[in-house]
$ cat protein32.txt   # compact mmCIF, C-alpha atoms (C1' of nucleotides)
# COMPACT_ATOMS: atom_id res chain seq x y z
CA MET A 1 162.23 -37.60 -126.49
CA LYS A 2 158.99 -37.35 -124.63
CA THR A 3 160.66 -35.77 -121.65
CA ASP A 4 162.27 -33.21 -123.93
CA ILE A 5 158.94 -32.10 -125.24
CA GLU A 6 157.53 -32.04 -121.77
CA LYS A 7 160.40 -29.87 -120.73
CA ILE A 8 159.72 -27.37 -123.50
CA PHE A 9 156.01 -27.17 -122.82
CA ASN A 10 156.45 -26.97 -119.09
CA PHE A 11 158.99 -24.25 -119.52
CA TYR A 12 156.56 -22.13 -121.50
CA ALA A 13 153.56 -23.08 -119.41
CA SER A 14 155.19 -21.84 -116.25
CA GLY A 15 155.21 -18.33 -117.72
CA SER A 16 158.03 -16.26 -119.06
CA VAL A 17 161.03 -15.56 -116.90
CA ILE A 18 162.29 -13.01 -119.41
CA PHE A 19 159.29 -11.02 -120.59
CA ALA A 20 157.07 -9.10 -118.21
CA ARG A 21 154.99 -7.36 -120.87
CA LYS A 22 155.98 -8.47 -124.32
CA ASP A 23 153.36 -6.31 -126.00
CA PHE A 24 155.33 -3.22 -124.99
CA LEU A 25 157.95 -4.34 -127.51
CA GLN A 26 155.45 -4.56 -130.35
CA SER A 27 155.79 -1.86 -132.98
CA SER A 28 152.15 -0.90 -132.50
CA TYR A 29 152.78 0.12 -128.90
CA LEU A 30 152.74 3.84 -128.29
CA PRO A 31 154.68 4.77 -125.15
CA ASP A 32 153.62 7.55 -122.77
CA VAL A 33 157.03 9.14 -122.91
CA LEU A 34 159.10 9.75 -126.01
CA PRO A 35 162.66 10.44 -124.90
CA HIS A 36 164.70 12.86 -126.99
CA ARG A 37 161.68 14.09 -128.89
CA GLU A 38 160.49 16.67 -126.39
CA ASN A 39 161.23 19.55 -128.73
CA HIS A 40 159.46 17.97 -131.66
CA ILE A 41 156.42 17.33 -129.51
CA LYS A 42 156.37 20.91 -128.29
CA HIS A 43 156.82 22.29 -131.77
CA LEU A 44 154.00 20.22 -133.22
CA ALA A 45 151.75 21.04 -130.28
CA GLN A 46 152.32 24.75 -130.85
CA ILE A 47 151.40 24.39 -134.49
CA LEU A 48 148.21 22.47 -133.77
CA ALA A 49 147.08 24.41 -130.72
CA PRO A 50 145.10 27.10 -132.63
CA SER A 51 142.59 24.38 -133.51
CA LEU A 52 141.34 24.60 -129.92
CA ARG A 53 140.17 28.12 -130.69
CA LEU A 54 138.61 26.79 -133.87
CA GLU A 55 141.25 28.42 -136.01
CA ASN A 56 142.79 26.53 -138.84
CA PRO A 57 146.28 25.31 -137.91
CA SER A 58 149.06 25.53 -140.49
CA ASN A 59 149.72 22.51 -142.59
CA VAL A 60 152.85 20.68 -141.43
CA PHE A 61 155.32 18.41 -143.11
CA LEU A 62 157.38 15.96 -141.10
CA TYR A 63 160.53 14.54 -142.57
CA GLY A 64 162.81 11.90 -141.19
CA ARG A 65 164.26 8.46 -141.79
CA PRO A 66 162.33 5.37 -140.73
CA GLY A 67 162.29 4.78 -136.99
CA THR A 68 163.01 8.33 -135.94
CA GLY A 69 159.77 8.78 -134.06
CA LYS A 70 157.65 10.71 -136.59
CA THR A 71 154.58 8.54 -136.29
CA ALA A 72 154.87 8.25 -132.53
CA VAL A 73 155.15 12.02 -132.09
CA VAL A 74 152.15 12.68 -134.32
CA GLN A 75 149.99 10.07 -132.65
CA TYR A 76 151.04 11.25 -129.23
CA VAL A 77 150.33 14.92 -129.87
CA GLY A 78 147.16 14.06 -131.76
CA SER A 79 145.73 11.95 -128.98
CA GLN A 80 146.56 14.59 -126.37
CA LEU A 81 144.87 17.22 -128.48
CA GLN A 82 141.85 15.03 -128.97
CA LYS A 83 141.61 14.39 -125.25
CA ILE A 84 141.66 18.06 -124.31
CA ALA A 85 139.20 18.93 -127.03
CA GLN A 86 136.83 16.28 -125.76
CA ASP A 87 137.12 17.44 -122.15
CA LYS A 88 136.34 21.00 -123.09
CA ASN A 89 133.79 20.04 -125.70
CA ILE A 90 135.59 21.67 -128.58
CA PRO A 91 134.85 20.12 -131.99
CA VAL A 92 138.40 19.16 -132.97
CA LYS A 93 138.89 15.85 -134.73
CA PHE A 94 142.27 14.26 -135.17
CA LEU A 95 142.39 11.71 -137.98
CA TYR A 96 145.45 9.55 -138.45
CA VAL A 97 145.70 7.64 -141.72
CA ASN A 98 148.53 5.53 -142.96
CA SER A 99 148.36 6.20 -146.66
CA GLY A 100 151.06 3.65 -147.34
CA LEU A 101 148.85 0.79 -146.21
CA LYS A 102 147.98 -1.18 -149.31
CA LYS A 103 144.29 -1.47 -150.17
CA ILE A 104 143.26 0.92 -147.41
CA ALA A 105 144.21 4.47 -148.19
CA ASP A 106 146.90 4.34 -150.84
CA THR A 107 144.93 5.84 -153.73
CA GLU A 108 142.71 8.85 -154.18
CA TYR A 109 139.48 6.87 -154.17
CA ARG A 110 140.50 4.74 -151.20
CA LEU A 111 141.61 7.68 -149.09
CA TYR A 112 138.32 9.51 -149.58
CA ALA A 113 136.37 6.32 -149.00
CA TYR A 114 138.35 5.62 -145.86
CA LEU A 115 137.67 9.09 -144.49
CA CYS A 116 133.97 8.76 -145.27
CA ARG A 117 133.86 5.52 -143.33
CA ARG A 118 135.63 7.10 -140.38
CA MET A 119 132.88 9.69 -140.47
CA GLY A 120 130.18 7.03 -140.59
CA ASP A 121 129.31 7.10 -144.28
CA PHE A 122 129.82 3.65 -145.72
CA ILE A 123 131.46 3.63 -149.15
CA PRO A 124 132.03 0.39 -151.08
CA ASP A 125 135.57 -0.52 -152.15
CA THR A 126 134.81 0.16 -155.77
CA GLY A 127 132.07 1.01 -158.20
CA ILE A 128 131.44 4.68 -157.48
CA PRO A 129 133.11 7.54 -159.36
CA THR A 130 135.86 9.19 -157.33
CA SER A 131 134.27 12.58 -157.74
CA SER A 132 131.08 11.51 -156.01
CA VAL A 133 133.05 9.87 -153.19
CA PHE A 134 134.77 13.21 -152.83
CA ASP A 135 131.42 14.99 -152.65
CA ARG A 136 130.21 12.62 -149.98
CA MET A 137 133.40 13.19 -148.04
CA ILE A 138 132.89 16.95 -148.16
CA LYS A 139 129.33 16.48 -147.01
CA ALA A 140 130.43 14.30 -144.11
CA LEU A 141 133.15 16.71 -143.06
CA ASP A 142 130.81 19.66 -143.32
CA SER A 143 127.80 18.12 -141.62
CA LYS A 144 128.82 19.65 -138.29
CA PRO A 145 131.26 22.54 -137.84
CA ALA A 146 134.62 21.16 -136.74
CA VAL A 147 138.33 21.53 -137.17
CA TYR A 148 139.83 18.40 -138.67
CA ILE A 149 143.48 17.54 -138.47
CA LEU A 150 144.36 14.90 -140.99
CA ALA A 151 147.67 13.15 -140.46
CA LEU A 152 148.77 11.34 -143.61
CA ASP A 153 151.54 8.91 -142.78
CA GLU A 154 153.72 7.68 -145.62
CA ILE A 155 152.29 10.42 -147.74
CA ASP A 156 154.99 9.75 -150.34
CA VAL A 157 153.11 6.67 -151.52
CA LEU A 158 150.03 8.74 -152.19
CA ILE A 159 151.95 11.56 -153.82
CA GLU A 160 153.67 9.21 -156.18
CA LYS A 161 150.51 7.38 -157.17
CA SER A 162 148.33 10.42 -157.58
CA PRO A 163 149.66 13.92 -156.95
CA ASN A 164 146.15 15.04 -157.77
CA THR A 165 144.89 13.83 -154.39
CA ILE A 166 147.29 16.05 -152.50
CA TYR A 167 146.52 18.95 -154.78
CA THR A 168 142.82 18.58 -154.08
CA LEU A 169 143.30 18.11 -150.35
CA SER A 170 145.48 21.17 -150.02
CA ARG A 171 142.64 23.22 -151.47
CA ILE A 172 139.84 21.51 -149.66
CA ASN A 173 139.11 24.43 -147.34
CA SER A 174 137.50 26.35 -150.17
CA GLU A 175 134.97 23.51 -150.52
CA LEU A 176 134.15 23.40 -146.83
CA LYS A 177 131.62 25.87 -145.51
CA ASN A 178 131.34 24.95 -141.84
CA SER A 179 134.50 22.98 -141.15
CA LYS A 180 138.21 23.36 -141.61
CA LEU A 181 140.89 20.84 -142.36
CA SER A 182 144.63 20.92 -141.91
CA ILE A 183 147.09 18.35 -143.07
CA ILE A 184 150.05 16.78 -141.37
CA GLY A 185 152.21 15.04 -143.97
CA ILE A 186 154.66 12.41 -142.78
CA THR A 187 157.36 11.02 -145.03
CA ASN A 188 160.81 9.52 -145.07
CA ASP A 189 161.34 10.38 -148.70
CA LEU A 190 162.75 13.87 -148.87
CA SER A 191 162.71 14.07 -152.63
CA ILE A 192 158.99 13.42 -152.92
CA MET A 193 158.01 17.06 -152.97
CA SER A 194 159.41 17.40 -156.46
CA HIS A 195 156.31 15.59 -157.73
CA LEU A 196 154.16 18.53 -156.66
CA ASP A 197 153.70 21.96 -158.16
CA ALA A 198 155.08 24.97 -156.34
CA LYS A 199 151.75 26.17 -154.99
CA THR A 200 150.74 22.86 -153.48
CA LYS A 201 154.22 22.41 -152.11
CA SER A 202 154.26 25.68 -150.24
CA SER A 203 150.71 25.29 -148.98
CA LEU A 204 151.46 21.83 -147.63
CA SER A 205 154.66 22.72 -145.89
CA GLU A 206 153.77 25.98 -144.22
CA GLU A 207 155.64 24.43 -141.34
CA GLU A 208 158.30 21.76 -141.44
CA ILE A 209 159.72 19.57 -138.74
CA ILE A 210 162.84 17.55 -139.38
CA PHE A 211 163.48 14.35 -137.45
CA SER A 212 167.16 13.57 -137.42
CA PRO A 213 168.24 10.00 -136.69
CA TYR A 214 168.82 9.02 -133.09
CA ASN A 215 172.41 8.43 -132.10
CA ALA A 216 173.56 5.35 -130.22
CA ASN A 217 173.22 7.03 -126.84
CA GLN A 218 169.68 8.17 -127.48
CA ILE A 219 168.69 4.74 -128.71
CA LYS A 220 170.20 3.32 -125.55
CA ASP A 221 167.98 5.58 -123.44
CA ILE A 222 164.91 4.58 -125.36
CA LEU A 223 165.72 0.90 -125.09
CA GLN A 224 166.39 1.27 -121.39
CA ASP A 225 163.02 2.89 -120.83
CA ARG A 226 161.30 0.28 -122.85
CA SER A 227 163.04 -2.69 -121.27
CA ASN A 228 162.23 -1.50 -117.77
CA ILE A 229 158.57 -2.06 -118.48
CA SER A 230 158.89 -5.04 -120.84
CA PHE A 231 161.30 -7.40 -119.12
CA SER A 232 161.45 -9.15 -115.82
CA PRO A 233 163.98 -7.63 -113.45
CA GLY A 234 167.45 -8.96 -114.11
CA ALA A 235 166.55 -10.56 -117.43
CA ILE A 236 168.44 -7.96 -119.38
CA ASN A 237 171.62 -6.01 -118.75
CA ASP A 238 173.27 -2.89 -120.08
CA SER A 239 175.73 -4.59 -122.37
CA VAL A 240 172.90 -6.27 -124.27
CA ILE A 241 171.11 -2.97 -124.65
CA LEU A 242 174.27 -1.27 -125.82
CA LEU A 243 174.80 -3.90 -128.45
CA CYS A 244 171.28 -3.48 -129.84
CA ALA A 245 171.65 0.29 -129.75
CA ALA A 246 174.95 0.21 -131.58
CA SER A 247 173.61 -2.07 -134.28
CA ALA A 248 170.60 0.15 -134.86
CA ALA A 249 172.67 3.33 -134.78
CA LYS A 250 174.73 1.90 -137.60
CA ASN A 251 171.48 1.43 -139.51
CA HIS A 252 170.59 5.12 -139.70
CA GLY A 253 169.38 5.34 -136.12
CA ASP A 254 166.25 3.30 -136.69
CA VAL A 255 164.83 2.79 -133.21
CA ARG A 256 162.08 0.51 -134.41
CA ARG A 257 164.76 -1.86 -135.57
CA ALA A 258 166.53 -1.60 -132.22
CA ILE A 259 163.40 -2.57 -130.33
CA GLU A 260 162.65 -5.40 -132.67
CA LEU A 261 166.20 -6.62 -132.28
CA LEU A 262 165.82 -6.60 -128.54
CA ARG A 263 162.62 -8.60 -128.79
CA ILE A 264 164.08 -11.18 -131.14
CA SER A 265 167.15 -11.54 -128.93
CA ALA A 266 164.93 -12.18 -125.96
CA GLU A 267 162.90 -14.72 -127.88
CA ILE A 268 166.06 -16.55 -128.81
CA ALA A 269 167.17 -16.51 -125.19
CA GLU A 270 163.80 -17.86 -124.14
CA ARG A 271 163.98 -20.64 -126.68
CA GLU A 272 167.34 -21.63 -125.24
CA ALA A 273 165.74 -21.75 -121.84
CA SER A 274 168.09 -19.08 -120.62
CA ASN A 275 166.73 -16.90 -117.85
CA LYS A 276 168.48 -13.80 -119.11
CA VAL A 277 169.34 -12.30 -122.47
CA LEU A 278 173.04 -12.46 -123.31
CA ARG A 279 175.25 -10.83 -125.91
CA LYS A 280 175.41 -14.03 -127.93
CA HIS A 281 171.64 -13.99 -128.28
CA VAL A 282 171.82 -10.52 -129.75
CA GLU A 283 174.49 -11.58 -132.18
CA VAL A 284 172.32 -14.42 -133.42
CA ALA A 285 169.39 -12.02 -133.65
CA ILE A 286 171.31 -9.56 -135.81
CA GLY A 287 172.07 -12.28 -138.33
CA LYS A 288 168.54 -13.64 -138.24
CA PHE A 289 167.09 -10.20 -138.70
CA ASN A 290 168.80 -9.60 -142.00
CA THR A 291 168.20 -13.03 -143.51
CA ASP A 292 164.58 -13.15 -142.42
CA GLN A 293 163.85 -9.92 -144.20
CA ILE A 294 165.22 -11.03 -147.53
CA ILE A 295 163.74 -14.51 -147.32
CA SER A 296 160.25 -13.28 -146.60
CA PHE A 297 160.63 -10.80 -149.42
CA VAL A 298 161.49 -13.56 -151.88
CA LYS A 299 158.73 -15.80 -150.58
CA THR A 300 156.04 -13.25 -151.27
CA LEU A 301 157.29 -12.43 -154.75
CA PRO A 302 154.87 -13.02 -157.65
CA GLU A 303 155.78 -15.72 -160.16
CA HIS A 304 157.23 -13.44 -162.84
CA GLN A 305 159.44 -11.64 -160.36
CA LYS A 306 160.68 -14.94 -158.99
CA ASN A 307 161.65 -16.04 -162.48
CA VAL A 308 163.60 -12.87 -163.08
CA LEU A 309 165.42 -13.21 -159.77
CA LYS A 310 166.13 -16.82 -160.57
CA ALA A 311 167.71 -15.81 -163.85
CA ILE A 312 169.99 -13.37 -162.07
CA ILE A 313 171.09 -15.93 -159.52
CA GLU A 314 171.66 -18.63 -162.13
CA LEU A 315 173.94 -16.38 -164.14
CA ASP A 316 176.11 -16.40 -161.03
CA LYS A 317 178.40 -13.52 -161.93
CA PRO A 318 179.43 -10.53 -159.84
CA VAL A 319 177.65 -8.18 -162.21
CA VAL A 320 175.26 -8.87 -165.08
CA TYR A 321 173.74 -6.81 -167.86
CA THR A 322 170.03 -6.53 -168.55
CA ARG A 323 170.26 -8.32 -171.89
CA GLU A 324 171.89 -11.35 -170.27
CA ILE A 325 169.25 -11.47 -167.58
CA TYR A 326 166.49 -11.18 -170.14
CA ASN A 327 167.86 -13.91 -172.38
CA LYS A 328 168.32 -16.25 -169.45
CA TYR A 329 164.83 -15.45 -168.23
CA ILE A 330 163.26 -16.13 -171.61
CA GLU A 331 165.25 -19.31 -171.92
CA ASN A 332 163.95 -20.49 -168.54
CA VAL A 333 160.31 -19.71 -169.10
CA SER A 334 160.21 -21.12 -172.62
CA LYS A 335 161.43 -24.41 -171.18
CA ILE A 336 158.11 -24.70 -169.40
CA GLY A 337 156.27 -23.42 -172.44
CA ALA A 338 155.38 -20.04 -170.99
CA LYS A 339 155.50 -16.83 -172.93
CA GLY A 340 157.49 -14.52 -170.71
CA LEU A 341 157.26 -10.80 -170.16
CA THR A 342 158.55 -7.99 -172.33
CA MET A 343 161.95 -6.50 -171.83
CA ARG A 344 160.30 -3.29 -170.75
CA ARG A 345 158.50 -5.02 -167.93
CA VAL A 346 161.60 -6.89 -166.81
CA LEU A 347 163.35 -3.55 -166.64
CA ASP A 348 160.72 -2.34 -164.21
CA ILE A 349 161.00 -5.51 -162.17
CA LEU A 350 164.72 -4.89 -161.85
CA GLY A 351 163.83 -1.44 -160.61
CA GLU A 352 161.54 -2.98 -157.99
CA PHE A 353 164.35 -5.28 -156.87
CA GLU A 354 166.65 -2.34 -156.52
CA SER A 355 164.29 -0.37 -154.32
CA SER A 356 163.88 -3.34 -152.01
CA GLY A 357 167.63 -3.71 -151.76
CA VAL A 358 167.97 -7.14 -153.33
CA VAL A 359 170.12 -5.86 -156.16
CA GLY A 360 172.11 -2.75 -156.83
CA THR A 361 171.91 -1.24 -160.27
CA SER A 362 173.50 1.53 -162.24
CA VAL A 363 173.18 2.57 -165.84
CA ILE A 364 176.28 2.68 -167.98
CA SER A 365 176.94 3.38 -171.59
CA ARG A 366 179.16 0.94 -173.41
CA GLY A 367 179.75 3.23 -176.32
CA ARG A 368 179.36 1.40 -179.57
CA TYR A 369 177.64 -1.38 -177.69
CA GLY A 370 174.88 0.85 -176.39
CA ARG A 371 173.40 1.58 -173.01
CA THR A 372 172.72 -0.99 -170.35
CA LYS A 373 171.93 -1.47 -166.72
CA VAL A 374 174.55 -3.13 -164.56
CA VAL A 375 172.92 -5.38 -162.00
CA GLU A 376 174.71 -6.64 -158.94
CA LEU A 377 173.14 -9.15 -156.59
CA LYS A 378 173.26 -7.93 -153.01
CA ILE A 379 172.49 -11.24 -151.38
CA GLY A 380 175.27 -12.81 -149.33
CA GLY A 381 176.61 -16.27 -150.12
CA ASN A 382 175.04 -18.09 -147.19
CA ILE A 383 171.46 -16.97 -147.75
CA LYS A 384 171.87 -17.23 -151.48
CA ASP A 385 171.60 -21.01 -151.17
CA ASP A 386 168.41 -20.73 -149.16
CA ILE A 387 166.95 -18.44 -151.76
CA GLU A 388 167.98 -20.67 -154.64
CA GLN A 389 166.16 -23.45 -152.85
CA LEU A 390 163.06 -21.28 -152.66
CA LEU A 391 163.25 -20.50 -156.34
CA VAL A 392 163.75 -24.06 -157.53
CA GLU A 393 160.14 -24.90 -156.80
CA ILE A 394 158.67 -22.54 -159.35
C1' DC B 1 180.66 12.84 -185.41
C1' DT B 2 178.15 8.72 -185.82
C1' DT B 3 176.20 4.76 -184.18
C1' DC B 4 174.31 1.56 -181.31
C1' DC B 5 171.17 -0.37 -177.73
C1' DA B 6 168.85 -0.45 -173.81
C1' DC B 7 166.73 3.15 -170.63
C1' DG B 8 162.70 4.88 -169.05
C1' DG B 9 158.51 7.94 -169.62
C1' DG B 10 153.87 7.67 -171.20
C1' DA B 11 149.74 6.00 -173.47
C1' DA B 12 146.87 2.32 -174.14
C1' DC B 13 145.02 -2.10 -173.10
C1' DA B 14 143.18 -6.26 -170.73
C1' DC B 15 141.23 -7.95 -166.90
C1' DT B 16 139.19 -8.12 -162.25
C1' DG B 17 135.77 -7.09 -159.04
C1' DG B 18 132.44 -4.05 -158.01
C1' DG B 19 128.91 -0.38 -158.49
C1' DG B 20 124.02 2.00 -160.17
C1' DT B 21 119.97 2.02 -163.41
C1' DG B 22 115.97 0.51 -166.18
C1' DC C 1 118.08 -9.50 -165.01
C1' DA C 2 121.21 -7.09 -168.53
C1' DC C 3 123.98 -3.42 -169.34
C1' DC C 4 127.17 0.08 -168.95
C1' DC C 5 130.19 2.67 -165.73
C1' DC C 6 134.08 2.82 -162.35
C1' DA C 7 138.90 2.13 -160.08
C1' DG C 8 143.03 -0.39 -159.78
C1' DT C 9 146.74 -3.38 -161.31
C1' DG C 10 149.84 -5.45 -164.34
C1' DT C 11 151.11 -5.47 -168.66
C1' DT C 12 152.43 -4.21 -173.71
C1' DC C 13 153.52 -0.84 -177.29
C1' DC C 14 155.78 3.18 -178.88
C1' DC C 15 159.49 6.17 -178.97
C1' DG C 16 162.75 9.95 -177.85
C1' DT C 17 167.24 9.93 -175.54
C1' DG C 18 172.03 9.42 -173.24
C1' DG C 19 176.73 8.86 -173.92
C1' DA C 20 181.09 6.42 -174.75
C1' DA C 21 183.42 3.39 -178.34
C1' DG C 22 184.83 3.51 -182.74

$ encode --input "protein32.txt" --output "structure tokens"
Amino acid sequence: MKTDIEKIFNFYASGSVIFARKDFLQSSYLPDVLPHRENHIKHLAQILAPSLRLENPSNVFLYGRPGTGKTAVVQYVGSQLQKIAQDKNIPVKFLYVNSGLKKIADTEYRLYAYLCRRMGDFIPDTGIPTSSVFDRMIKALDSKPAVYILALDEIDVLIEKSPNTIYTLSRINSELKNSKLSIIGITNDLSIMSHLDAKTKSSLSEEEIIFSPYNANQIKDILQDRSNISFSPGAINDSVILLCAASAAKNHGDVRRAIELLRISAEIAEREASNKVLRKHVEVAIGKFNTDQIISFVKTLPEHQKNVLKAIIELDKPVVYTREIYNKYIENVSKIGAKGLTMRRVLDILGEFESSGVVGTSVISRGRYGRTKVVELKIGGNIKDDIEQLLVEI
DNA sequence: CTTCCACGGGAACACTGGGGTG
DNA sequence: CACCCCAGTGTTCCCGTGGAAG
């Protein structure tokens, strides 16, 4: 026993034989080269270039599925622009904000407050009217003449929560006397624009760049590039990369997923004390990837949501109707003397489950017997047990 | 054509955690 | 200090509506 443990620790202590630079496989890592996105980079650079002559660049909208390089392209072009502006002493400021990040910039107030802070004006998390935060933001932006380029990642979150924010931002140049501001909107939700009025829509998307999913070959190239710098020589071979690429290509060409898959595979290999990553490690990683996602989702669910999910699982039928779920749910919670939520709320919770892929739903009309939602659990048999176990403890 | 029942949008509310002002 | 104002979240309440069985 003791020697086993010693073996494990010694193995890790002697350094990794697989990874050379593991941090290059982290999703936060921004590579110097973005293969197969040369045209997008050029296009965006052309749009933003006028800022270097202190002209206001067009607003741009970037569309594309997750993991198609939108964020990387924006950050890459933005940092290059910033660098050149700094060298030549031109007052161009590139501001990247992820407006999907909870509690940071996902509401009107928080976005303005965040921007103020970036500009050095401290704004508390709450307590001040939004309009005065807005005024302070304008003041900060206008304090010195500059061209600001504001990249709003996951802008769909913001649009959905408060279309008003986007409306205001798209008109902000009439409030600014000395400075100018252009917006880069980044989203993977193509339908989101329907929340906006025609004027705002056209002003925001003066230019549009579409990011189509990578195909398996392109993902392979990207993985190859990335593994050259991340792994020790010989630790990884083409067939492993191909397998990761194929799996990700099947999932809408999400390259982030491909890289993560590669990393997990390598971690599994390392844990098995193998000195190279093999196909079997990737196969394990693919399975682990899917289960891990659902399990961590269930783990972080609030109590009410857990109870609803529990009701669905306990009914144990291929498809269930809302009424059945609700009755079961009420039955369960009243057993522990709790009150339980309204039907209306449960309906919304089912909607939340659907958007996270745990269930599939569709609305049908059963004629005389009214309208109902058909709910189908999308959790496979093997993880279902794990999840039931998680839910028992509530 | 009627009838039924949940769907789903929207308003309103409660509550939390935090202002600024006198 | 007390007091009222502010934003955000999760919830309830209200209600018009879709659409196939009967």

$ residues_around --input "protein32.txt" --residues "DA7 in chain C" --least-positions-apart "3" --cutoff "8 Å" --atoms "all atoms listed in the file" --output "list in words"
Tyr109, Thr126, Gly127 and Pro129 of chain A

$ atom_distance --input "protein32.txt" --atom1 "CA of Leu204 in chain A" --atom2 "CA of Ser99 in chain A"
16.0 Å

$ interface_residues --input "protein32.txt" --of "chain C" --to "chain A" --cutoff "6 Å" --atoms "all atoms listed in the file" --output "mmCIF file with C-alpha atoms (C1' of nucleotides), in the coordinates of the input"
data_model
loop_
_atom_site.group_PDB
_atom_site.id
_atom_site.type_symbol
_atom_site.label_atom_id
_atom_site.label_comp_id
_atom_site.auth_asym_id
_atom_site.auth_seq_id
_atom_site.Cartn_x
_atom_site.Cartn_y
_atom_site.Cartn_z
ATOM 1 C "C1'" DC C 6 134.080 2.820 -162.350
ATOM 2 C "C1'" DG C 19 176.730 8.860 -173.920
ATOM 3 C "C1'" DA C 20 181.090 6.420 -174.750
ATOM 4 C "C1'" DA C 21 183.420 3.390 -178.340
#

$ atom_distance --input "protein32.txt" --atom1 "CA of Ala249 in chain A" --atom2 "CA of Tyr214 in chain A"
7.1 Å

$ atom_distance --input "protein32.txt" --atom1 "CA of Asn59 in chain A" --atom2 "CA of Ala198 in chain A"
15.0 Å

$ residues_near_point --input "protein32.txt" --point "(163.1, -4.3, -132.0)" --cutoff "10 Å" --atoms "only C-alpha atoms (C1' of nucleotides)" --output "list of chain:residue names"
A:Leu25, A:Gln26, A:Ser27, A:Leu223, A:Cys244, A:Ala245, A:Ala248, A:Asp254, A:Val255, A:Arg256, A:Arg257, A:Ala258, A:Ile259, A:Glu260, A:Leu261, A:Leu262, A:Arg263, A:Ile264, A:Ser265, A:Phe289

$ interface_residues --input "protein32.txt" --of "chain B" --to "chain A" --cutoff "9 Å" --atoms "all atoms listed in the file" --output "list of chain:residue names"
B:DT3, B:DC4, B:DC5, B:DA6, B:DC7, B:DG8, B:DG17, B:DG18, B:DG19, B:DG20

$ residues_around --input "protein32.txt" --residues "DC13 in chain B" --least-positions-apart "6" --cutoff "10 Å" --atoms "all atoms listed in the file" --output "ChimeraX atom specification"
/C:11-13

$ closest_residue --input "protein32.txt" --among "A:Leu115, A:Ile104, A:Ala269, A:Ala20" --to "Val282 in chain A" --atoms "only C-alpha atoms"
A:Ala269

$ residues_around --input "protein32.txt" --residues "DC14 in chain C" --least-positions-apart "2" --cutoff "12 Å" --atoms "all atoms listed in the file" --output "PyMOL selection string"
(chain A and resi 344) or (chain B and resi 9-12) or (chain C and resi 12+16)

$ residues_around --input "protein32.txt" --residues "Glu376 in chain A" --least-positions-apart "4" --cutoff "9 Å" --atoms "all atoms listed in the file" --output "PyMOL selection string"
chain A and resi 312+317-321+358-362

$ closest_residue --input "protein32.txt" --among "A:Pro66, A:Pro57, A:Pro163, A:Pro145" --to "Ser205 in chain A" --atoms "all atoms listed in the file"
A:Pro57

$ residues_around --input "protein32.txt" --residues "range 48-50 of chain A" --least-positions-apart "6" --cutoff "12 Å" --atoms "all atoms listed in the file" --output "MDAnalysis selection string"
chainID A and resid 41:42 56:60 74 77:82 84:85 90 92:94 147:151 180:184 207

$ build_atoms --input "protein32.txt" --residues "range 159-170 of chain A" --atoms "N, CA and C atoms" --output "short mmCIF file (atom, residue, chain, number, x, y, z; two decimals), in the coordinates of the input"
data_model
loop_
_atom_site.label_atom_id
_atom_site.label_comp_id
_atom_site.auth_asym_id
_atom_site.auth_seq_id
_atom_site.Cartn_x
_atom_site.Cartn_y
_atom_site.Cartn_z
N ILE A 159 151.48 10.53 -152.90
CA ILE A 159 151.95 11.56 -153.82
C ILE A 159 152.42 10.94 -155.12
N GLU A 160 153.13 9.83 -154.98
CA GLU A 160 153.67 9.21 -156.18
C GLU A 160 152.56 8.64 -157.06
N LYS A 161 151.59 8.00 -156.41
CA LYS A 161 150.51 7.38 -157.17
C LYS A 161 149.59 8.42 -157.79
N SER A 162 149.20 9.40 -157.00
CA SER A 162 148.33 10.42 -157.58
C SER A 162 148.54 11.77 -156.90
N PRO A 163 149.39 12.58 -157.47
CA PRO A 163 149.66 13.92 -156.95
C PRO A 163 148.37 14.73 -156.87
N ASN A 164 147.43 14.37 -157.72
CA ASN A 164 146.15 15.04 -157.77
C ASN A 164 145.44 15.05 -156.41
N THR A 165 145.54 13.94 -155.69
CA THR A 165 144.89 13.83 -154.39
C THR A 165 145.39 14.93 -153.46
N ILE A 166 146.69 15.10 -153.42
CA ILE A 166 147.29 16.05 -152.50
C ILE A 166 146.91 17.47 -152.93
N TYR A 167 146.92 17.66 -154.22
CA TYR A 167 146.52 18.95 -154.78
C TYR A 167 145.11 19.31 -154.31
N THR A 168 144.20 18.36 -154.48
CA THR A 168 142.82 18.58 -154.08
C THR A 168 142.71 18.82 -152.57
N LEU A 169 143.40 17.99 -151.80
CA LEU A 169 143.30 18.11 -150.35
C LEU A 169 143.82 19.45 -149.85
N SER A 170 144.89 19.92 -150.51
CA SER A 170 145.48 21.17 -150.02
C SER A 170 144.56 22.36 -150.30
#
